[in-house]
>>> print(open('model_17.txt').read())   # compact mmCIF, C-alpha atoms
# COMPACT_ATOMS: atom_id res chain seq x y z
CA MET D 1 63.90 182.00 115.74
CA GLU D 2 63.42 178.39 114.67
CA GLU D 3 65.94 178.80 111.86
CA LEU D 4 68.46 180.34 114.28
CA ALA D 5 67.89 177.47 116.71
CA LYS D 6 68.57 174.99 113.89
CA GLN D 7 71.78 176.81 112.87
CA ALA D 8 72.94 176.95 116.49
CA GLY D 9 72.25 173.24 116.94
CA GLU D 10 74.18 172.30 113.80
CA LEU D 11 77.12 174.50 114.81
CA ASP D 12 77.09 173.04 118.32
CA THR D 13 77.22 169.49 116.93
CA ALA D 14 80.08 170.35 114.58
CA VAL D 15 82.05 172.11 117.33
CA ASN D 16 81.65 169.19 119.74
CA GLU D 17 82.68 166.65 117.09
CA ALA D 18 85.81 168.64 116.24
CA ALA D 19 86.66 169.11 119.93
CA ALA D 20 86.29 165.36 120.47
CA LYS D 21 88.71 164.60 117.60
CA LEU D 22 91.23 167.00 119.13
CA LYS D 23 90.68 165.41 122.58
CA ILE D 24 89.95 168.75 124.21
CA THR D 25 88.25 167.12 127.24
CA GLN D 26 91.25 164.87 127.90
CA LYS D 27 93.62 167.82 127.49
CA ARG D 28 91.57 169.82 129.99
CA GLN D 29 91.95 166.98 132.50
CA GLN D 30 95.72 166.95 131.92
CA LEU D 31 95.81 170.73 132.32
CA ASP D 32 93.86 170.57 135.58
CA GLU D 33 96.28 167.97 136.94
CA LEU D 34 99.26 170.12 136.00
CA THR D 35 97.61 173.19 137.53
CA ALA D 36 97.13 171.27 140.78
CA ASP D 37 100.81 170.27 140.75
CA MET D 38 101.84 173.88 140.16
CA ALA D 39 99.79 174.97 143.18
CA GLN D 40 101.84 172.77 145.54
CA PRO D 41 104.12 174.71 147.97
CA ASP D 42 107.20 172.71 146.93
CA PHE D 43 106.52 172.97 143.19
CA TRP D 44 109.72 174.91 142.47
CA ALA D 45 111.91 172.68 144.64
CA ASN D 46 112.88 170.84 141.47
CA ASN D 47 113.49 173.71 139.05
CA GLN D 48 113.98 171.51 135.96
CA LYS D 49 110.76 169.58 136.50
CA ALA D 50 108.85 172.77 137.36
CA THR D 51 109.99 174.46 134.17
CA GLN D 52 108.93 171.45 132.10
CA VAL D 53 105.51 171.32 133.78
CA SER D 54 105.03 175.07 133.22
CA LYS D 55 105.83 174.72 129.51
CA GLU D 56 103.48 171.77 129.13
CA SER D 57 100.74 173.66 130.97
CA ALA D 58 101.12 176.72 128.70
CA SER D 59 101.00 174.53 125.59
CA LEU D 60 97.84 172.71 126.74
CA LEU D 61 96.15 175.98 127.71
CA ALA D 62 96.79 177.38 124.22
CA GLN D 63 95.10 174.30 122.73
CA VAL D 64 92.17 174.04 125.14
CA GLU D 65 91.11 177.61 125.94
CA PRO D 66 89.91 178.73 122.45
CA TRP D 67 87.65 175.68 122.13
CA GLU D 68 86.22 176.05 125.63
CA ASN D 69 85.54 179.75 124.99
CA LEU D 70 83.76 178.89 121.74
CA GLN D 71 81.63 176.21 123.42
CA SER D 72 80.77 178.57 126.29
CA GLN D 73 79.72 181.41 123.96
CA LEU D 74 77.68 179.04 121.80
CA LYS D 75 75.87 177.70 124.87
CA TYR D 76 75.03 181.24 125.98
CA ILE D 77 73.65 182.22 122.57
CA THR D 78 71.62 178.99 122.38
CA GLU D 79 70.02 179.83 125.74
CA LEU D 80 69.07 183.28 124.46
CA ILE D 81 67.61 181.79 121.27
CA ASP D 82 65.52 179.40 123.37
CA GLU D 83 63.93 182.41 125.10
CA LYS D 84 62.38 183.31 121.69
CA ASP D 85 62.76 187.04 122.17
CA ALA D 86 62.15 188.41 118.64
CA SER D 87 63.85 191.72 119.49
CA LEU D 88 67.18 189.85 119.84
CA LYS D 89 66.92 187.99 116.54
CA SER D 90 69.15 190.28 114.46
CA ASP D 91 71.83 190.57 117.15
CA LEU D 92 71.86 186.82 117.82
CA SER D 93 72.15 186.10 114.10
CA GLN D 94 75.25 188.30 113.87
CA GLN D 95 76.80 186.68 116.96
CA LEU D 96 76.11 183.23 115.56
CA LYS D 97 77.84 184.16 112.27
CA LYS D 98 80.84 185.44 114.24
CA LEU D 99 81.06 182.17 116.18
CA ALA D 100 80.81 180.19 112.93
CA GLY D 101 83.76 182.21 111.61
CA SER D 102 85.75 181.48 114.77
CA PHE D 103 84.96 177.79 114.33
CA ASP D 104 86.18 177.86 110.71
CA GLU D 105 89.53 179.14 111.99
CA LEU D 106 89.78 176.71 114.90
CA LYS D 107 88.85 173.61 112.91
CA LYS D 108 92.00 174.10 110.85
CA GLU D 109 93.70 172.47 113.84
CA LEU D 110 92.12 169.18 112.72
CA ARG D 111 94.85 169.04 110.06
CA PHE D 112 97.46 168.62 112.78
CA SER D 113 96.94 164.98 113.67
CA GLY D 114 100.58 163.85 113.64
CA PRO D 115 102.05 162.27 116.79
CA HIS D 116 104.22 165.33 117.50
CA ASP D 117 102.17 168.13 115.93
CA ASN D 118 101.18 169.55 119.34
CA HIS D 119 104.81 169.74 120.53
CA ASP D 120 106.86 172.87 120.97
CA VAL D 121 109.73 173.42 118.53
CA ILE D 122 113.50 173.47 118.30
CA LEU D 123 114.35 175.64 115.30
CA SER D 124 117.88 175.89 113.89
CA ILE D 125 119.23 177.99 111.04
CA TYR D 126 122.52 177.29 109.24
CA ALA D 127 124.19 179.58 106.70
CA GLY D 128 124.96 177.73 103.49
CA ALA D 129 126.61 178.60 100.20
CA GLY D 130 127.16 182.30 99.66
CA GLY D 131 129.79 183.43 102.17
CA THR D 132 128.99 186.64 104.07
CA ASP D 133 125.75 187.06 102.12
CA ALA D 134 124.61 183.63 103.28
CA GLN D 135 125.44 184.46 106.90
CA ASP D 136 123.49 187.70 106.60
CA TRP D 137 120.63 185.71 105.02
CA ALA D 138 120.66 183.29 107.95
CA GLN D 139 120.26 186.22 110.34
CA MET D 140 117.40 187.61 108.23
CA LEU D 141 115.64 184.25 108.54
CA MET D 142 116.23 184.20 112.29
CA ARG D 143 114.63 187.65 112.57
CA MET D 144 111.71 186.48 110.41
CA TYR D 145 110.89 183.54 112.67
CA VAL D 146 111.38 185.53 115.88
CA ARG D 147 109.04 188.26 114.60
CA TRP D 148 106.45 185.63 113.63
CA ALA D 149 106.70 184.03 117.09
CA GLU D 150 106.28 187.38 118.81
CA SER D 151 103.15 188.10 116.76
CA GLN D 152 101.71 184.76 117.98
CA ASP D 153 102.65 185.33 121.65
CA ILE D 154 105.09 182.43 121.45
CA ALA D 155 108.09 182.47 123.79
CA VAL D 156 111.53 182.42 122.15
CA LYS D 157 114.65 181.22 123.95
CA THR D 158 118.07 181.26 122.29
CA ILE D 159 119.91 177.99 122.86
CA ASP D 160 123.02 178.56 120.79
CA GLN D 161 124.28 181.14 118.30
CA SER D 162 127.47 181.49 116.29
CA ALA D 163 128.22 184.92 114.79
CA GLY D 164 129.56 185.39 111.27
CA GLU D 165 133.01 186.83 110.66
CA GLU D 166 131.82 190.05 109.00
CA ALA D 167 128.05 190.04 109.41
CA GLY D 168 125.11 187.80 110.16
CA ILE D 169 125.33 184.38 111.79
CA LYS D 170 126.88 181.05 110.91
CA SER D 171 124.16 179.25 112.85
CA ALA D 172 121.53 179.73 115.53
CA THR D 173 119.29 177.41 117.51
CA PHE D 174 116.34 178.56 119.55
CA GLU D 175 113.35 177.10 121.33
CA LEU D 176 109.77 178.14 120.59
CA THR D 177 107.21 177.36 123.29
CA GLY D 178 103.68 178.20 124.35
CA GLY D 179 101.72 178.08 121.08
CA SER D 180 99.15 175.55 119.95
CA TYR D 181 100.28 172.86 117.48
CA LEU D 182 103.59 174.63 116.97
CA TYR D 183 105.42 171.75 115.31
CA GLY D 184 102.39 171.01 113.13
CA LYS D 185 102.41 174.60 111.89
CA LEU D 186 106.15 175.04 111.45
CA GLN D 187 107.23 171.65 110.09
CA GLY D 188 106.76 172.96 106.55
CA GLU D 189 109.59 175.47 107.14
CA HIS D 190 112.10 172.60 107.33
CA GLY D 191 114.47 172.72 104.37
CA VAL D 192 116.71 174.96 102.29
CA HIS D 193 115.69 178.61 101.76
CA ARG D 194 117.11 180.61 98.83
CA LEU D 195 117.59 184.39 98.62
CA VAL D 196 118.26 186.40 95.45
CA ARG D 197 119.21 190.07 95.87
CA LEU D 198 121.75 192.77 95.10
CA SER D 199 124.57 192.04 97.54
CA PRO D 200 125.25 194.73 100.16
CA PHE D 201 128.66 193.09 100.72
CA ASN D 202 129.80 193.14 97.11
CA ALA D 203 131.83 196.17 95.95
CA ASP D 204 130.17 196.02 92.53
CA HIS D 205 126.71 195.57 94.09
CA LEU D 206 126.07 192.51 91.93
CA ARG D 207 123.18 190.11 92.19
CA GLN D 208 123.90 187.33 94.67
CA THR D 209 122.18 184.03 95.41
CA SER D 210 122.48 182.78 98.99
CA PHE D 211 121.28 179.65 100.76
CA ALA D 212 120.44 178.81 104.36
CA LYS D 213 119.03 175.67 105.89
CA VAL D 214 116.19 175.75 108.40
CA GLU D 215 115.77 172.72 110.65
CA VAL D 216 112.48 172.33 112.52
CA LEU D 217 112.28 169.65 115.21
CA PRO D 218 109.53 168.70 117.67
CA LEU D 219 110.79 169.47 121.17
CA ILE D 220 111.20 166.13 122.95
CA ASP D 221 112.11 167.26 126.46
CA LYS D 222 110.71 164.21 128.24
CA PRO D 223 113.19 161.30 128.19
CA GLY D 224 110.25 158.88 128.34
CA GLU D 225 109.01 160.02 124.91
CA LEU D 226 112.05 158.43 123.28
CA GLU D 227 114.19 155.86 125.03
CA VAL D 228 117.85 156.16 124.02
CA ASP D 229 120.32 153.52 125.18
CA GLU D 230 123.16 155.22 127.07
CA LYS D 231 125.58 152.75 125.45
CA ASP D 232 124.78 154.39 122.11
CA LEU D 233 125.85 157.82 123.37
CA LYS D 234 129.29 159.41 123.41
CA ILE D 235 129.54 162.50 125.59
CA ASP D 236 132.50 164.87 125.23
CA VAL D 237 133.21 167.87 127.42
CA PHE D 238 135.34 170.72 126.12
CA ARG D 239 136.16 174.34 126.77
CA ALA D 240 133.55 176.82 125.57
CA GLY D 241 134.61 179.15 122.80
CA GLY D 242 133.48 182.72 122.27
CA HIS D 243 134.65 186.26 122.61
CA GLY D 244 135.49 186.16 126.28
CA GLY D 245 133.53 187.22 129.33
CA GLN D 246 133.58 185.88 132.84
CA SER D 247 134.35 182.14 132.93
CA VAL D 248 133.60 181.65 129.23
CA ASN D 249 137.01 180.29 128.30
CA THR D 250 138.16 179.06 131.68
CA THR D 251 135.81 176.13 132.35
CA ASP D 252 135.10 172.91 130.48
CA SER D 253 131.35 173.54 130.35
CA ALA D 254 130.59 172.91 126.67
CA VAL D 255 129.13 169.50 125.88
CA ARG D 256 128.94 167.43 122.71
CA VAL D 257 126.60 164.42 122.62
CA THR D 258 126.92 161.96 119.74
CA HIS D 259 124.50 159.17 118.89
CA LEU D 260 126.93 156.51 117.66
CA PRO D 261 124.57 154.37 115.51
CA THR D 262 123.42 157.34 113.37
CA GLY D 263 126.36 159.71 113.78
CA LEU D 264 124.03 162.52 114.87
CA SER D 265 125.88 165.05 117.05
CA VAL D 266 124.76 168.04 119.12
CA SER D 267 127.09 170.58 120.75
CA ILE D 268 125.89 173.12 123.31
CA GLN D 269 127.92 175.76 125.14
CA ASN D 270 125.29 178.40 125.86
CA GLU D 271 125.16 177.83 129.63
CA ARG D 272 128.07 177.96 132.06
CA SER D 273 126.69 174.85 133.73
CA GLN D 274 127.98 171.65 132.17
CA LEU D 275 124.89 169.82 133.47
CA LYS D 276 122.46 172.28 131.82
CA ASN D 277 124.36 172.10 128.53
CA LYS D 278 124.22 168.30 128.67
CA GLU D 279 120.47 168.30 129.34
CA THR D 280 119.85 170.71 126.46
CA ALA D 281 122.05 168.69 124.10
CA LEU D 282 120.22 165.46 125.00
CA SER D 283 116.84 167.13 124.46
CA ILE D 284 117.87 168.35 120.99
CA LEU D 285 119.38 164.95 120.16
CA ARG D 286 116.11 163.20 121.08
CA SER D 287 114.29 165.71 118.89
CA LYS D 288 116.64 165.01 115.97
CA LEU D 289 116.18 161.26 116.40
CA VAL D 290 112.39 161.59 116.44
CA GLN D 291 112.53 163.66 113.25
CA LEU D 292 114.83 161.12 111.61
CA GLN D 293 112.61 158.27 112.74
CA THR D 294 109.58 159.98 111.19
CA GLU D 295 111.37 160.71 107.91
CA GLN D 296 112.60 157.12 107.56
CA HIS D 297 109.36 155.51 108.82
CA ALA D 298 111.38 153.48 111.29
CA LYS D 299 109.62 151.64 114.11
CA ASP D 300 112.59 151.87 116.45
CA LEU D 301 115.98 153.55 116.65
CA SER D 302 117.90 150.45 115.61
CA GLN D 303 116.48 150.82 112.09
CA LEU D 304 117.79 154.34 111.59
CA LYS D 305 120.53 154.72 109.01
CA GLY D 306 121.61 158.25 109.90
CA PRO D 307 120.76 161.47 108.09
CA ASN D 308 121.49 161.92 104.41
CA GLN D 309 123.65 165.04 104.61
CA SER D 310 123.83 165.59 100.84
CA ALA D 311 120.04 165.60 100.50
CA GLU D 312 119.69 168.31 103.13
CA TRP D 313 121.36 170.82 100.82
CA GLY D 314 119.44 169.82 97.71
CA ASN D 315 116.74 171.81 95.94
CA GLN D 316 115.37 174.72 97.95
CA ILE D 317 111.85 174.53 99.33
CA ARG D 318 111.28 178.26 98.95
CA SER D 319 112.80 181.22 97.11
CA TYR D 320 112.79 184.85 98.21
CA VAL D 321 113.63 187.19 95.32
CA LEU D 322 114.36 190.87 96.00
CA HIS D 323 115.97 191.62 92.59
CA PRO D 324 115.29 191.99 89.67
CA TYR D 325 111.65 191.60 90.83
CA LYS D 326 109.99 190.88 94.18
CA GLN D 327 108.54 187.46 94.84
CA VAL D 328 108.29 184.75 97.46
CA LYS D 329 107.53 181.34 96.00
CA ASP D 330 107.11 178.04 97.79
CA ASN D 331 108.18 175.27 95.42
CA ARG D 332 106.03 172.61 97.13
CA THR D 333 102.69 174.38 97.49
CA GLY D 334 102.98 176.80 94.57
CA TYR D 335 102.14 179.70 96.88
CA GLU D 336 103.41 183.03 95.54
CA SER D 337 103.47 186.57 96.89
CA THR D 338 105.07 189.83 95.83
CA GLU D 339 105.09 191.11 99.43
CA VAL D 340 108.57 189.82 100.23
CA GLU D 341 109.29 192.47 102.85
CA LYS D 342 106.13 191.57 104.78
CA VAL D 343 107.09 187.90 104.77
CA LEU D 344 110.61 188.69 105.95
CA ASP D 345 109.04 190.82 108.68
CA GLY D 346 107.32 187.74 110.08
CA ASN D 347 104.05 187.54 108.16
CA LEU D 348 104.21 183.78 107.57
CA ASP D 349 100.60 182.79 108.23
CA LEU D 350 99.56 182.44 104.56
CA LEU D 351 102.66 180.35 103.79
CA ILE D 352 102.00 178.15 106.81
CA GLU D 353 98.34 177.78 105.86
CA ALA D 354 99.23 176.85 102.28
CA TRP D 355 101.49 174.10 103.63
CA SER D 356 98.98 172.78 106.17
CA GLU D 357 96.22 172.58 103.54
CA ARG D 358 98.16 169.90 101.71
CA LEU D 359 98.46 167.65 104.79
>>> encode(input="model_17.txt", output="structure tokens")
Amino acid sequence: MEELAKQAGELDTAVNEAAAKLKITQKRQQLDELTADMAQPDFWANNQKATQVSKESASLLAQVEPWENLQSQLKYITELIDEKDASLKSDLSQQLKKLAGSFDELKKELRFSGPHDNHDVILSIYAGAGGTDAQDWAQMLMRMYVRWAESQDIAVKTIDQSAGEEAGIKSATFELTGGSYLYGKLQGEHGVHRLVRLSPFNADHLRQTSFAKVEVLPLIDKPGELEVDEKDLKIDVFRAGGHGGQSVNTTDSAVRVTHLPTGLSVSIQNERSQLKNKETALSILRSKLVQLQTEQHAKDLSQLKGPNQSAEWGNQIRSYVLHPYKQVKDNRTGYESTEVEKVLDGNLDLLIEAWSERL
């Protein structure tokens, strides 16, 4: 039992050190404060604030709970080891190995030390070169990310979507919330994705190469996280487009917010409420500015030069080949797989892990 006690002690030390680096104790305090706020009778009086607090609470819980469960189980096993009951030795050894395996998985979170890695995500997909095939490819990517999110118990909310003329989508933007270190995990998906296949839209069924751009932004839904001077903003209100429906084309509810110094622009028309569309557009704009600030290593917004649009559509970060052979290859990590259909069905964990290992 002495050897088991030593192993348990070493694991306990390693777990506590990792939890300290991830500030699990501080996050638990934040979570308890939010939980107390949510228990107040008038919590939902301010719906916008309540929704934000609920999202933040869910995100913190996803980060804190696995570590607290691990620490609790390890404490229980340590107490049993201290009882020195030889009949439990084999069972306790197996349980300790299982906890060590759980720790190996959890400590991967130590890679996500960026200032926004624990944020939720705004994910946008834009069809690129390739016409109808590209629009269909954009929809395939949207399905891939939605399926991955569902497998991780991550909430998906569509913010905006533009349908293609014949098939697929021109663009789509949705919000992913509730997972741990979501931006840290998904930031490697940011870039141009290339598909090679036999075109289902080509009369001769020829091989077609299509492109779509995926944009991954940390969700900055607290104005205090990034101060933007109102003088730098231009806000335009216009009539929402679409295929009809009650009030869709009869009210000026769509909103476009432009950040004048960088030229960044966000248009939202998903909600009938002009105020809600404005709030969503501002949240996405802040997220875009934070991303741009990170990419350009700028200390403040005045140093930003605006996005380099031509670079965004440069070399693809990943290729998905369905013909003449099957292969997914990430050009940055070198990760390859022949299970293209599984990847397109949302099995992204190995690709995400390959990216995070290089951080």
>>> closest_residue(input="model_17.txt", among="D:Ile352, D:Val237, D:Val266, D:Ile220", to="His190 (chain D)", atoms="only C-alpha atoms")
D:Ile352
>>> closest_atom_pairs(input="model_17.txt", of="region 195-304 of chain D", to="region 159-179 of chain D", cutoff="10 Å", atoms="only C-alpha atoms", output="JSON lines")
{"residue": "D:Phe201", "atom": "CA", "partner": "D:Ala167", "partner_atom": "CA", "distance": 9.2}
{"residue": "D:Ala212", "atom": "CA", "partner": "D:Ser171", "partner_atom": "CA", "distance": 9.3}
{"residue": "D:Lys213", "atom": "CA", "partner": "D:Ser171", "partner_atom": "CA", "distance": 9.4}
{"residue": "D:Val214", "atom": "CA", "partner": "D:Ala172", "partner_atom": "CA", "distance": 9.8}
{"residue": "D:Glu215", "atom": "CA", "partner": "D:Thr173", "partner_atom": "CA", "distance": 9.0}
{"residue": "D:Val216", "atom": "CA", "partner": "D:Thr173", "partner_atom": "CA", "distance": 9.9}
{"residue": "D:Leu217", "atom": "CA", "partner": "D:Glu175", "partner_atom": "CA", "distance": 9.7}
{"residue": "D:Pro218", "atom": "CA", "partner": "D:Leu176", "partner_atom": "CA", "distance": 9.9}
{"residue": "D:Leu219", "atom": "CA", "partner": "D:Glu175", "partner_atom": "CA", "distance": 8.0}
{"residue": "D:Gly241", "atom": "CA", "partner": "D:Ser162", "partner_atom": "CA", "distance": 9.9}
{"residue": "D:Gly242", "atom": "CA", "partner": "D:Ser162", "partner_atom": "CA", "distance": 8.6}
{"residue": "D:Ser267", "atom": "CA", "partner": "D:Asp160", "partner_atom": "CA", "distance": 9.0}
{"residue": "D:Ile268", "atom": "CA", "partner": "D:Asp160", "partner_atom": "CA", "distance": 6.6}
{"residue": "D:Gln269", "atom": "CA", "partner": "D:Asp160", "partner_atom": "CA", "distance": 7.1}
{"residue": "D:Asn270", "atom": "CA", "partner": "D:Asp160", "partner_atom": "CA", "distance": 5.6}
{"residue": "D:Glu271", "atom": "CA", "partner": "D:Ile159", "partner_atom": "CA", "distance": 8.6}
{"residue": "D:Asn277", "atom": "CA", "partner": "D:Ile159", "partner_atom": "CA", "distance": 9.3}
{"residue": "D:Thr280", "atom": "CA", "partner": "D:Ile159", "partner_atom": "CA", "distance": 8.1}
{"residue": "D:Ala281", "atom": "CA", "partner": "D:Ile159", "partner_atom": "CA", "distance": 9.6}
{"residue": "D:Ile284", "atom": "CA", "partner": "D:Thr173", "partner_atom": "CA", "distance": 9.8}
>>> closest_residue(input="model_17.txt", among="D:Lys97, D:Lys84, D:Lys222, D:Lys329", to="Arg286 (chain D)", atoms="only C-alpha atoms")
D:Lys222
>>> closest_residue(input="model_17.txt", among="D:Glu295, D:Glu336, D:Glu3, D:Glu227", to="Ile81 (chain D)", atoms="all atoms listed in the file")
D:Glu3
>>> residues_near_point(input="model_17.txt", point="(99.4, 182.4, 104.4)", cutoff="12 Å", atoms="all atoms listed in the file", output="ChimeraX atom specification")
/D:185,328-330,333-337,339,342-343,346-357
>>> closest_residue(input="model_17.txt", among="D:Lys49, D:Lys55, D:Arg239, D:Arg28", to="Pro223 (chain D)", atoms="all atoms listed in the file")
D:Lys49
>>> closest_residue(input="model_17.txt", among="D:Gln135, D:Thr78, D:Ser124, D:Asn118", to="Ser210 (chain D)", atoms="only C-alpha atoms")
D:Gln135
>>> residues_around(input="model_17.txt", residues="Ala50 (chain D)", least_positions_apart="2", cutoff="12 Å", atoms="all atoms listed in the file", output="PyMOL selection string")
chain D and resi 34-35+37-48+52-57
>>> write_last_selection(input="model_17.txt", atoms="C-alpha atoms", output="compact mmCIF listing (two decimals), in the frame of the given file")
# COMPACT_ATOMS: atom_id res chain seq x y z
CA LEU D 34 99.26 170.12 136.00
CA THR D 35 97.61 173.19 137.53
CA ASP D 37 100.81 170.27 140.75
CA MET D 38 101.84 173.88 140.16
CA ALA D 39 99.79 174.97 143.18
CA GLN D 40 101.84 172.77 145.54
CA PRO D 41 104.12 174.71 147.97
CA ASP D 42 107.20 172.71 146.93
CA PHE D 43 106.52 172.97 143.19
CA TRP D 44 109.72 174.91 142.47
CA ALA D 45 111.91 172.68 144.64
CA ASN D 46 112.88 170.84 141.47
CA ASN D 47 113.49 173.71 139.05
CA GLN D 48 113.98 171.51 135.96
CA GLN D 52 108.93 171.45 132.10
CA VAL D 53 105.51 171.32 133.78
CA SER D 54 105.03 175.07 133.22
CA LYS D 55 105.83 174.72 129.51
CA GLU D 56 103.48 171.77 129.13
CA SER D 57 100.74 173.66 130.97
>>> axis_aligned_box(input="model_17.txt", around="region 264-269 of chain D", padding_each_side="6 Å", output="AutoDock Vina command-line options")
--center_x 126.0 --center_y 169.1 --center_z 120.0 --size_x 15.9 --size_y 25.2 --size_z 22.3
>>> residues_around(input="model_17.txt", residues="region 107-116 of chain D", least_positions_apart="2", cutoff="10 Å", atoms="only C-alpha atoms", output="PyMOL selection string")
chain D and resi 14-15+18-19+21-22+63+67+102-105+118-121+180-185+217-220+290-291+294+353+356-359
>>> write_last_selection(input="model_17.txt", atoms="C-alpha atoms", output="mmCIF file, in the coordinates of the input")
data_model
loop_
_atom_site.group_PDB
_atom_site.id
_atom_site.type_symbol
_atom_site.label_atom_id
_atom_site.label_comp_id
_atom_site.auth_asym_id
_atom_site.auth_seq_id
_atom_site.Cartn_x
_atom_site.Cartn_y
_atom_site.Cartn_z
ATOM 1 C CA ALA D 14 80.080 170.350 114.580
ATOM 2 C CA VAL D 15 82.050 172.110 117.330
ATOM 3 C CA ALA D 18 85.810 168.640 116.240
ATOM 4 C CA ALA D 19 86.660 169.110 119.930
ATOM 5 C CA LYS D 21 88.710 164.600 117.600
ATOM 6 C CA LEU D 22 91.230 167.000 119.130
ATOM 7 C CA GLN D 63 95.100 174.300 122.730
ATOM 8 C CA TRP D 67 87.650 175.680 122.130
ATOM 9 C CA SER D 102 85.750 181.480 114.770
ATOM 10 C CA PHE D 103 84.960 177.790 114.330
ATOM 11 C CA ASP D 104 86.180 177.860 110.710
ATOM 12 C CA GLU D 105 89.530 179.140 111.990
ATOM 13 C CA ASN D 118 101.180 169.550 119.340
ATOM 14 C CA HIS D 119 104.810 169.740 120.530
ATOM 15 C CA ASP D 120 106.860 172.870 120.970
ATOM 16 C CA VAL D 121 109.730 173.420 118.530
ATOM 17 C CA SER D 180 99.150 175.550 119.950
ATOM 18 C CA TYR D 181 100.280 172.860 117.480
ATOM 19 C CA LEU D 182 103.590 174.630 116.970
ATOM 20 C CA TYR D 183 105.420 171.750 115.310
ATOM 21 C CA GLY D 184 102.390 171.010 113.130
ATOM 22 C CA LYS D 185 102.410 174.600 111.890
ATOM 23 C CA LEU D 217 112.280 169.650 115.210
ATOM 24 C CA PRO D 218 109.530 168.700 117.670
ATOM 25 C CA LEU D 219 110.790 169.470 121.170
ATOM 26 C CA ILE D 220 111.200 166.130 122.950
ATOM 27 C CA VAL D 290 112.390 161.590 116.440
ATOM 28 C CA GLN D 291 112.530 163.660 113.250
ATOM 29 C CA THR D 294 109.580 159.980 111.190
ATOM 30 C CA GLU D 353 98.340 177.780 105.860
ATOM 31 C CA SER D 356 98.980 172.780 106.170
ATOM 32 C CA GLU D 357 96.220 172.580 103.540
ATOM 33 C CA ARG D 358 98.160 169.900 101.710
ATOM 34 C CA LEU D 359 98.460 167.650 104.790
#
>>> atom_distance(input="model_17.txt", atom1="CA of Thr338 (chain D)", atom2="CA of Ala203 (chain D)")
27.5 Å
>>> residues_around(input="model_17.txt", residues="Gln316 (chain D)", least_positions_apart="3", cutoff="7 Å", atoms="all atoms listed in the file", output="PyMOL selection string")
chain D and resi 191-194
>>> closest_residue(input="model_17.txt", among="D:Asn69, D:Thr262, D:Lys6, D:Ser283", to="Glu225 (chain D)", atoms="all atoms listed in the file")
D:Ser283
>>> atom_distance(input="model_17.txt", atom1="CA of Gln71 (chain D)", atom2="CA of Ala155 (chain D)")
27.2 Å
>>> residues_near_point(input="model_17.txt", point="(76.2, 181.9, 112.8)", cutoff="8 Å", atoms="all atoms listed in the file", output="list in words")
Gln7, Ala8, Leu11, Ser93, Gln94, Gln95, Leu96, Lys97, Lys98, Leu99, Ala100 and Gly101 of chain D
